[in-house]
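File shown here: my_file-v4.cif, holding mmCIF, C-alpha atoms and all ligand atoms.
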```cif
data_run
loop_
_atom_site.label_atom_id
_atom_site.label_comp_id
_atom_site.auth_asym_id
_atom_site.auth_seq_id
_atom_site.Cartn_x
_atom_site.Cartn_y
_atom_site.Cartn_z
CA MET A 14 -17.75 12.25 -40.18
CA ASN A 15 -16.41 13.58 -36.91
CA GLY A 16 -19.49 12.34 -35.08
CA VAL A 17 -19.21 8.88 -36.64
CA VAL A 18 -15.52 8.59 -35.73
CA ASN A 19 -16.21 9.64 -32.13
CA LEU A 20 -19.10 7.21 -31.86
CA TRP A 21 -16.91 4.40 -33.21
CA SER A 22 -14.15 5.08 -30.67
CA GLU A 23 -16.74 5.15 -27.86
CA ILE A 24 -18.15 1.81 -29.01
CA LYS A 25 -14.65 0.28 -29.10
CA GLY A 26 -13.89 1.72 -25.65
CA ALA A 27 -17.11 0.26 -24.21
CA GLN A 28 -16.30 -3.09 -25.83
CA GLY A 29 -12.94 -3.18 -24.03
CA THR A 30 -14.55 -2.21 -20.72
CA ALA A 31 -17.25 -4.88 -21.09
CA ALA A 32 -14.64 -7.58 -21.81
CA ARG A 33 -12.67 -6.56 -18.70
CA MET A 34 -15.84 -6.59 -16.56
CA LEU A 35 -16.72 -10.07 -17.82
CA ASP A 36 -13.21 -11.23 -16.86
CA ILE A 37 -13.70 -9.84 -13.34
CA PHE A 38 -17.16 -11.39 -12.96
CA THR A 39 -15.81 -14.84 -13.78
CA VAL A 40 -13.06 -14.75 -11.13
CA PRO A 41 -14.09 -17.12 -8.30
CA GLU A 42 -15.08 -15.27 -5.14
CA GLU A 43 -12.67 -15.40 -2.20
CA PRO A 44 -13.89 -17.39 0.81
CA LYS A 45 -14.78 -14.70 3.32
CA SER A 46 -16.69 -15.90 6.31
CA SER A 47 -14.70 -18.57 8.01
CA GLY A 48 -12.00 -18.45 10.62
CA LEU A 49 -11.16 -16.23 13.54
CA ARG A 50 -12.93 -12.85 13.77
CA LYS A 51 -11.51 -9.35 13.87
CA GLU A 52 -11.57 -9.05 17.67
CA GLU A 53 -9.30 -12.07 17.88
CA ILE A 54 -6.51 -10.59 15.76
CA GLN A 55 -3.50 -10.31 17.95
CA ASN A 56 -1.50 -7.30 16.86
CA GLY A 57 2.20 -8.05 16.75
CA ASP A 58 5.16 -8.58 14.45
CA ILE A 59 4.37 -9.85 10.96
CA VAL A 60 6.72 -12.74 10.25
CA PHE A 61 7.44 -14.67 7.03
CA GLU A 62 8.71 -18.17 7.80
CA ASN A 63 10.26 -20.08 4.88
CA VAL A 64 7.71 -18.68 2.45
CA SER A 65 7.76 -19.68 -1.23
CA PHE A 66 5.39 -18.54 -3.95
CA SER A 67 4.99 -19.01 -7.72
CA TYR A 68 2.93 -17.33 -10.41
CA GLY A 69 1.91 -20.43 -12.39
CA ASP A 70 5.16 -22.34 -12.82
CA LYS A 71 7.38 -19.28 -12.30
CA GLN A 72 8.71 -19.26 -8.75
CA VAL A 73 9.27 -15.67 -7.61
CA ILE A 74 9.59 -15.99 -3.80
CA HIS A 75 12.13 -18.53 -2.54
CA ASP A 76 12.12 -19.85 1.02
CA LEU A 77 11.87 -16.31 2.37
CA ASN A 78 12.25 -15.29 6.01
CA ALA A 79 11.50 -11.74 7.15
CA VAL A 80 10.22 -9.83 10.16
CA PHE A 81 8.13 -6.65 10.05
CA PRO A 82 8.20 -5.36 13.63
CA GLN A 83 5.00 -4.09 15.25
CA GLY A 84 4.73 -0.31 15.64
CA LYS A 85 7.81 0.31 13.49
CA THR A 86 8.36 1.50 9.94
CA THR A 87 9.86 -1.11 7.64
CA ALA A 88 11.01 -0.33 4.12
CA ILE A 89 11.05 -3.07 1.49
CA VAL A 90 13.82 -2.22 -0.93
CA GLY A 91 15.15 -3.96 -4.02
CA ARG A 92 15.52 -3.77 -7.76
CA CYS A 93 12.56 -4.01 -10.08
CA GLY A 94 11.28 -7.60 -10.24
CA SER A 95 12.87 -8.66 -6.93
CA GLY A 96 9.44 -9.54 -5.47
CA LYS A 97 8.55 -6.50 -3.34
CA THR A 98 4.96 -6.10 -4.57
CA THR A 99 4.36 -9.84 -4.32
CA LEU A 100 5.53 -9.73 -0.69
CA LEU A 101 3.18 -6.86 0.15
CA SER A 102 0.30 -8.63 -1.61
CA MET A 103 0.97 -11.77 0.44
CA ILE A 104 0.71 -9.78 3.68
CA GLU A 105 -2.75 -8.68 2.49
CA ARG A 106 -3.51 -12.30 1.57
CA LEU A 107 -4.06 -11.49 -2.09
CA TYR A 108 -1.72 -14.43 -2.69
CA VAL A 109 -1.29 -17.50 -0.51
CA PRO A 110 2.16 -19.04 0.11
CA ALA A 111 2.81 -22.34 -1.72
CA SER A 112 4.86 -23.36 1.32
CA GLY A 113 5.88 -21.81 4.62
CA ARG A 114 3.65 -19.50 6.62
CA ILE A 115 3.01 -15.86 7.47
CA THR A 116 2.13 -15.02 11.06
CA ILE A 117 0.90 -11.96 12.90
CA GLY A 118 1.37 -11.87 16.65
CA GLY A 119 2.51 -15.51 16.39
CA LYS A 120 -0.69 -16.79 14.72
CA ASN A 121 -0.89 -18.01 11.13
CA VAL A 122 -2.73 -15.34 9.09
CA ALA A 123 -4.62 -18.10 7.24
CA GLU A 124 -6.57 -18.80 10.46
CA TYR A 125 -8.43 -15.49 10.26
CA ASP A 126 -11.64 -14.77 8.44
CA LEU A 127 -10.48 -12.92 5.31
CA SER A 128 -12.56 -9.77 5.51
CA SER A 129 -11.89 -9.41 9.26
CA TYR A 130 -8.20 -9.86 8.54
CA ARG A 131 -8.16 -7.24 5.78
CA ASP A 132 -9.87 -4.78 8.14
CA HIS A 133 -6.63 -4.84 10.07
CA PHE A 134 -4.86 -3.00 7.23
CA ALA A 135 -4.91 0.38 5.56
CA TYR A 136 -3.41 0.72 2.11
CA VAL A 137 -1.86 3.61 0.20
CA GLN A 138 -0.90 2.97 -3.39
CA GLN A 139 1.42 4.63 -5.83
CA ASP A 140 -1.18 6.56 -7.72
CA ALA A 141 -4.11 7.02 -5.40
CA GLY A 142 -7.31 5.74 -6.94
CA ILE A 143 -10.28 8.01 -6.36
CA PHE A 144 -13.65 7.36 -7.91
CA GLY A 145 -15.86 10.11 -9.23
CA GLY A 146 -18.28 11.43 -6.59
CA SER A 147 -17.98 13.90 -3.74
CA LEU A 148 -14.91 14.64 -1.68
CA ARG A 149 -16.81 13.24 1.32
CA GLN A 150 -17.32 9.94 -0.51
CA ALA A 151 -13.64 9.82 -1.46
CA MET A 152 -12.61 10.42 2.14
CA THR A 153 -14.91 7.78 3.60
CA TYR A 154 -14.76 5.11 0.88
CA GLY A 155 -14.66 1.63 2.46
CA ILE A 156 -15.51 2.89 5.97
CA GLN A 157 -18.59 1.07 7.21
CA ARG A 158 -19.77 3.56 9.80
CA GLU A 159 -21.06 7.11 9.93
CA VAL A 160 -18.22 9.63 9.75
CA GLY A 161 -19.16 12.96 11.34
CA GLU A 162 -18.37 16.42 9.97
CA GLY A 163 -15.96 17.10 12.84
CA GLU A 164 -13.99 13.92 12.17
CA LEU A 165 -13.73 14.76 8.46
CA LYS A 166 -12.57 18.27 9.23
CA GLU A 167 -9.98 17.07 11.71
CA ALA A 168 -8.53 14.56 9.21
CA ALA A 169 -8.51 17.18 6.44
CA GLU A 170 -6.72 19.61 8.71
CA LYS A 171 -4.08 17.07 9.71
CA THR A 172 -3.34 16.08 6.11
CA GLY A 173 -3.34 19.70 4.95
CA ILE A 174 -6.35 19.68 2.62
CA LEU A 175 -8.71 21.76 4.74
CA SER A 176 -7.95 24.91 2.75
CA LEU A 177 -8.68 22.97 -0.46
CA VAL A 178 -12.04 21.87 0.99
CA GLN A 179 -12.89 25.39 2.11
CA GLY A 180 -12.06 26.75 -1.34
CA LEU A 181 -14.42 24.33 -3.08
CA GLU A 182 -18.03 25.23 -3.67
CA GLY A 183 -19.98 22.76 -1.54
CA GLY A 184 -17.00 21.93 0.72
CA PHE A 185 -16.91 18.19 1.45
CA ASP A 186 -19.87 17.72 -0.91
CA ALA A 187 -18.03 19.22 -3.89
CA ALA A 188 -17.86 16.81 -6.82
CA LEU A 189 -14.57 15.24 -7.85
CA SER A 190 -14.27 14.13 -11.43
CA THR A 191 -13.76 10.44 -12.23
CA SER A 192 -10.35 9.25 -11.01
CA GLY A 193 -9.92 12.49 -9.06
CA GLY A 194 -8.69 14.42 -12.11
CA SER A 195 -9.89 17.72 -10.66
CA VAL A 196 -7.24 17.60 -7.91
CA SER A 197 -3.46 17.31 -8.20
CA GLY A 198 -1.52 14.08 -7.51
CA GLY A 199 -0.33 15.45 -4.15
CA GLN A 200 -3.86 16.43 -3.14
CA ARG A 201 -5.17 13.00 -4.19
CA GLN A 202 -2.56 11.34 -1.99
CA ARG A 203 -3.59 13.60 0.92
CA ILE A 204 -7.25 12.66 0.41
CA VAL A 205 -6.23 8.99 0.63
CA LEU A 206 -4.13 9.66 3.76
CA SER A 207 -7.17 11.40 5.33
CA ARG A 208 -9.27 8.32 4.61
CA GLU A 209 -6.68 5.98 6.10
CA LEU A 210 -6.35 8.27 9.12
CA ILE A 211 -10.11 8.04 9.72
CA LYS A 212 -9.96 4.24 9.31
CA ASN A 213 -7.24 4.11 11.97
CA ARG A 214 -6.08 0.54 11.25
CA PRO A 215 -3.18 -1.08 13.15
CA VAL A 216 -1.09 -1.74 10.01
CA LEU A 217 -0.47 0.63 7.11
CA LEU A 218 0.83 -0.81 3.83
CA LEU A 219 2.28 1.66 1.36
CA ASP A 220 3.29 0.81 -2.19
CA GLU A 221 5.62 3.52 -3.49
CA PRO A 222 3.36 6.24 -2.08
CA THR A 223 5.32 9.17 -3.48
CA SER A 224 6.69 7.88 -6.77
CA ALA A 225 3.98 9.52 -8.91
CA LEU A 226 4.57 12.94 -7.32
CA ASP A 227 6.88 15.86 -7.99
CA ALA A 228 9.78 16.32 -5.54
CA MET A 229 8.06 18.96 -3.39
CA SER A 230 4.76 17.05 -3.02
CA ALA A 231 6.70 13.81 -2.39
CA LEU A 232 8.58 15.42 0.49
CA MET A 233 5.36 16.73 2.05
CA ILE A 234 3.61 13.36 1.77
CA GLN A 235 6.63 11.60 3.31
CA GLN A 236 6.51 13.96 6.28
CA LYS A 237 2.77 13.38 6.70
CA ILE A 238 3.21 9.61 6.68
CA PHE A 239 5.66 9.74 9.58
CA GLU A 240 3.82 12.48 11.44
CA LEU A 241 0.26 11.13 11.20
CA PHE A 242 0.77 7.43 11.89
CA PRO A 243 3.32 7.37 14.73
CA GLY A 244 2.42 4.08 16.47
CA THR A 245 1.07 2.27 13.42
CA THR A 246 3.06 -0.62 11.94
CA LYS A 247 4.10 0.77 8.56
CA ILE A 248 5.40 -1.44 5.78
CA MET A 249 6.37 0.43 2.65
CA ILE A 250 7.90 -0.31 -0.69
CA ILE A 251 9.99 2.73 -1.37
CA HIS A 252 11.39 4.05 -4.53
CA ASP A 253 12.63 7.32 -3.08
CA LEU A 254 15.59 6.09 -1.07
CA ARG A 255 15.90 9.44 0.74
CA MET A 256 13.24 8.02 3.07
CA LEU A 257 15.62 5.26 4.19
CA SER A 258 17.29 7.32 6.89
CA ARG A 259 13.88 7.79 8.58
CA VAL A 260 12.73 4.16 8.66
CA ASP A 261 13.41 1.83 11.59
CA HIS A 262 14.05 -1.34 9.63
CA VAL A 263 14.95 -2.29 6.05
CA VAL A 264 14.20 -5.57 4.25
CA PHE A 265 16.47 -5.71 1.21
CA MET A 266 15.28 -8.11 -1.50
CA GLU A 267 17.13 -9.73 -4.37
CA ASN A 268 15.63 -12.29 -6.76
CA GLY A 269 12.75 -13.28 -4.48
CA ARG A 270 14.94 -13.67 -1.38
CA VAL A 271 15.82 -11.41 1.51
CA ARG A 272 19.44 -10.58 0.88
CA ASP A 273 19.81 -8.71 4.19
CA SER A 274 17.71 -6.86 6.76
CA GLY A 275 18.36 -4.45 9.59
CA LYS A 276 18.92 -0.74 10.05
CA HIS A 277 19.80 1.34 7.00
CA ARG A 278 23.22 2.29 8.32
CA GLU A 279 24.06 -1.33 9.26
CA LEU A 280 23.19 -2.47 5.74
CA MET A 281 25.23 0.37 4.28
CA GLN A 282 28.21 -0.89 6.25
CA ARG A 283 27.96 -4.61 5.65
CA CYS A 284 26.07 -5.25 2.38
CA GLU A 285 27.82 -4.29 -0.82
CA SER A 286 24.89 -4.80 -3.21
CA TYR A 287 22.70 -2.65 -0.94
CA ARG A 288 25.33 0.11 -1.04
CA THR A 289 25.43 -0.17 -4.83
CA LEU A 290 21.63 0.11 -5.10
CA VAL A 291 21.51 3.13 -2.80
CA SER A 292 24.36 4.91 -4.56
CA CYS A 293 22.79 4.19 -8.00
CA GLU A 294 19.50 5.72 -6.83
CA GLU A 295 21.29 8.70 -5.31
CA GLY A 296 23.07 9.20 -8.63
CA VAL A 297 19.73 9.12 -10.48
CA SER A 298 18.03 11.58 -8.15
CA ALA A 299 21.03 13.97 -7.96
P1 LIG B 1 8.86 -5.85 -7.68
O1 LIG B 1 7.69 -5.28 -6.94
O2 LIG B 1 10.09 -5.97 -6.86
O3 LIG B 1 9.13 -5.11 -8.96
P2 LIG B 1 7.09 -8.06 -8.29
O4 LIG B 1 6.68 -8.69 -7.01
O5 LIG B 1 6.14 -7.16 -8.97
O6 LIG B 1 8.51 -7.35 -8.10
O7 LIG B 1 7.46 -9.21 -9.32
C1 LIG B 1 8.35 -10.28 -9.00
C2 LIG B 1 8.39 -11.21 -10.22
O8 LIG B 1 7.10 -11.77 -10.41
C3 LIG B 1 8.77 -10.50 -11.52
O9 LIG B 1 9.58 -11.37 -12.25
C4 LIG B 1 7.43 -10.31 -12.22
O10 LIG B 1 7.59 -10.35 -13.61
C5 LIG B 1 6.63 -11.51 -11.72
N1 LIG B 1 5.18 -11.21 -11.62
C6 LIG B 1 4.62 -10.23 -10.90
N2 LIG B 1 3.27 -10.28 -10.99
C7 LIG B 1 2.98 -11.33 -11.80
C8 LIG B 1 1.76 -11.90 -12.27
N3 LIG B 1 0.58 -11.42 -11.92
N4 LIG B 1 1.85 -12.98 -13.08
C9 LIG B 1 3.07 -13.51 -13.42
N5 LIG B 1 4.25 -13.02 -13.00
C10 LIG B 1 4.23 -11.94 -12.20
#
```

Produce structure tokens that represent the structure in this file.
Ligand code: ADP
Amino acid sequence: MNGVVNLWSEIKGAQGTAARMLDIFTVPEEPKSSGLRKEEIQNGDIVFENVSFSYGDKQVIHDLNAVFPQGKTTAIVGRCGSGKTTLLSMIERLYVPASGRITIGGKNVAEYDLSSYRDHFAYVQQDAGIFGGSLRQAMTYGIQREVGEGELKEAAEKTGILSLVQGLEGGFDAALSTSGGSVSGGQRQRIVLSRELIKNRPVLLLDEPTSALDAMSALMIQQKIFELFPGTTKIMIIHDLRMLSRVDHVVFMENGRVRDSGKHRELMQRCESYRTLVSCEEGVSA
């Protein structure tokens, strides 16, 4: 009976997976090879000019203006549902503005060939996705060139996972289980940081990079982000508002609009709803 029940749950699981795969296969492919090439991307400030966007008939971004300065760290802050993730996705061109435009270095991002444009960005998510395979594969996923042993070692050392690698049988060729379950959340995030370090892209997008971690690991990852990517334009949605004192610029969102932007301490002085949000979060984390 046990065997039959297990088999039945496997069949149902596979059915769900197959349905999801079919959904993905029927999504129209994005146009990739037209527009300006990678070499032509002018690094510079990323600017939203009167951008609006809707999911179906639900407008979530309203005539939004924002600047993400080149080489600086900008935090996108706001309550749940204020449009932060949508904004980050629009920078990556996962969504296209219904009106207005987004520019980088003064040029409309829509003018660039999509895959060349996306090569301009590195991305660190909330809960780092790692596929099953070797540590080497996890650290070089998406990098279309040979990555030497020395380069891997250097990245692992900088992100603090070299001792983990040395402790594993097979070193960089040690197998990770599917979704990286054989390493902790903090180690997974370090593996992803190593990969992004090797990629060395001009812009780093981070979506709540420490929210799935315990306090100690979160602190370490925060330090690594600032230490390892000093001249990179960093745009991050942050949940842990303790990071605010370290960022150069804050974009504070409310209901799909930028309520205010500037330095953390300026916003603390002049924007009451920002102060309320920060003090609420401090109360929660205390
Ligand atoms: P935040 O990151 O600040 O929590 P989001 O950008 O995720 O905000 O969402 C902004 C609004 O858009 C919310 O009201 C959310 O429900 C809606 N939304 C987000 N993603 C989708 C989607 N794929 N389809 C429809 N509505 C969405």

How close does chain A get to ligand LIG 1 (chain B)? List, as a tab-separated table, each residue of chain A within 6 Å, its nearest atom pair and the distance in Å to one decimal, counting all atoms listed in the file.
```
residue	atom	partner	partner_atom	distance
A:Tyr68	CA	B:LIG1	C9	4.9
A:Val73	CA	B:LIG1	C2	5.2
A:Arg92	CA	B:LIG1	O2	5.9
A:Cys93	CA	B:LIG1	O3	3.8
A:Gly94	CA	B:LIG1	O6	3.5
A:Ser95	CA	B:LIG1	O2	3.9
A:Gly96	CA	B:LIG1	O4	3.3
A:Lys97	CA	B:LIG1	O2	3.9
A:Thr98	CA	B:LIG1	O1	3.7
A:Thr99	CA	B:LIG1	O4	3.7
```

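Here CA of Leu189 (chain A) and CA of Gly145 (chain A) stand 5.5 Å from one another.
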
message = Let me make sure I understand: among A:Thr39, A:Gln179, A:Thr87, A:Ser230, which one has the smallest atom-to-atom distance to His262 (chain A) if we use all atoms listed in the file?
response =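 That would be A:Thr87, the residue with the smallest distance to His262 (chain A).
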
key: Residue nearest Val264 (chain A) - candidates A:Gly16, A:Gly69, A:Gly48, A:Pro82, atoms counted: all atoms listed in the file   = A:Pro82

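Using all atoms listed in the file, the nearest neighbour of Asn78 (chain A) within the list A:Arg114, A:Arg201, A:Arg106, A:His252 is A:Arg114.
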
message = I'd like the neighbourhood of Pro215 (chain A) as a ChimeraX atom specification, where a residue qualifies if any of its atoms comes within 8 Å (using only C-alpha atoms), though same-chain residues fewer than 2 positions away should be ignored.
response = /A:56,133-135,213,217,245-246

task = Could you tell me which of A:Ile211, A:Ile250, A:Val196, A:Val40 comes closest to Glu159 (chain A) if we count all atoms listed in the file?
result = A:Ile211

Residue neighbourhood Val260 (chain A), 7 Å, only C-alpha atoms, exclusion window fewer than 2 positions, as a list in words =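 Those residues are Thr86, Thr87, Ala88, Met256, Leu257, Ser258 and His262 of chain A.
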
request  = Please indicate the distance in Å from CA of Ala168 (chain A) to CA of Asp261 (chain A), rounded to one decimal place.
outcome  = 25.5 Å

ask   = Could you state the separation of CA of Glu23 (chain A) and CA of Ile37 (chain A) in Å, given to one decimal place?
value =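 We find that CA of Glu23 (chain A) and CA of Ile37 (chain A) lie 21.1 Å from each other.
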
How big is the axis-aligned box around the listed atoms of region 118-134 of chain A once 4 Å is added on each side, and where is its centre? Give both in Å to one decimal, as lines of an AutoDock Vina configuration file.
```
center_x = -5.0
center_y = -10.9
center_z = 11.0
size_x = 23.1
size_y = 23.8
size_z = 19.3
```

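Residues in contact range of Met152 (chain A), defined as at most 8 Å between only C-alpha atoms, with sequence neighbours fewer than 6 positions away removed, read Leu165, Ile204, Val205, Ser207 and Arg208 of chain A.
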
Please produce a file of those selected residues containing C-alpha atoms, as a PDB file, in the frame of the given file.
```
ATOM      1  CA  LEU A 165     -13.730  14.760   8.460  1.00  0.00           C
ATOM      2  CA  ILE A 204      -7.250  12.660   0.410  1.00  0.00           C
ATOM      3  CA  VAL A 205      -6.230   8.990   0.630  1.00  0.00           C
ATOM      4  CA  SER A 207      -7.170  11.400   5.330  1.00  0.00           C
ATOM      5  CA  ARG A 208      -9.270   8.320   4.610  1.00  0.00           C
TER       6      ARG A 208
END
```

query = When distances are computed from only C-alpha atoms, which of A:Ile54, A:Val60, A:Ala225, A:Met34 shows the smallest separation from Leu100 (chain A)?
reply =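 Distance minimum relative to Leu100 (chain A) lands on A:Val60.
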
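Closest approach to Ile117 (chain A) among A:Gln236, A:Thr172, A:Ser67, A:Gln55: A:Gln55, based on all atoms listed in the file.
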
inquiry  = I'd like the contact shell of Glu167 (chain A) - 12 Å cut-off, all atoms listed in the file, skipping same-chain residues fewer than 2 positions apart - returned as a PyMOL selection string.
reply    = chain A and resi 152+160-165+169-175+178+207-208+210-211+241

Fewer than 6 positions away in the same chain doesn't count, so skip those; otherwise give me all residues within 8 Å of Ala187 (chain A), counting all atoms listed in the file, as a PDB file with C-alpha atoms, in the frame of the given file.
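Printed below is selection34.pdb as written:
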```pdb
ATOM      1  CA  SER A 147     -17.980  13.900  -3.740  1.00  0.00           C
ATOM      2  CA  LEU A 148     -14.910  14.640  -1.680  1.00  0.00           C
ATOM      3  CA  LEU A 181     -14.420  24.330  -3.080  1.00  0.00           C
TER       4      LEU A 181
END
```
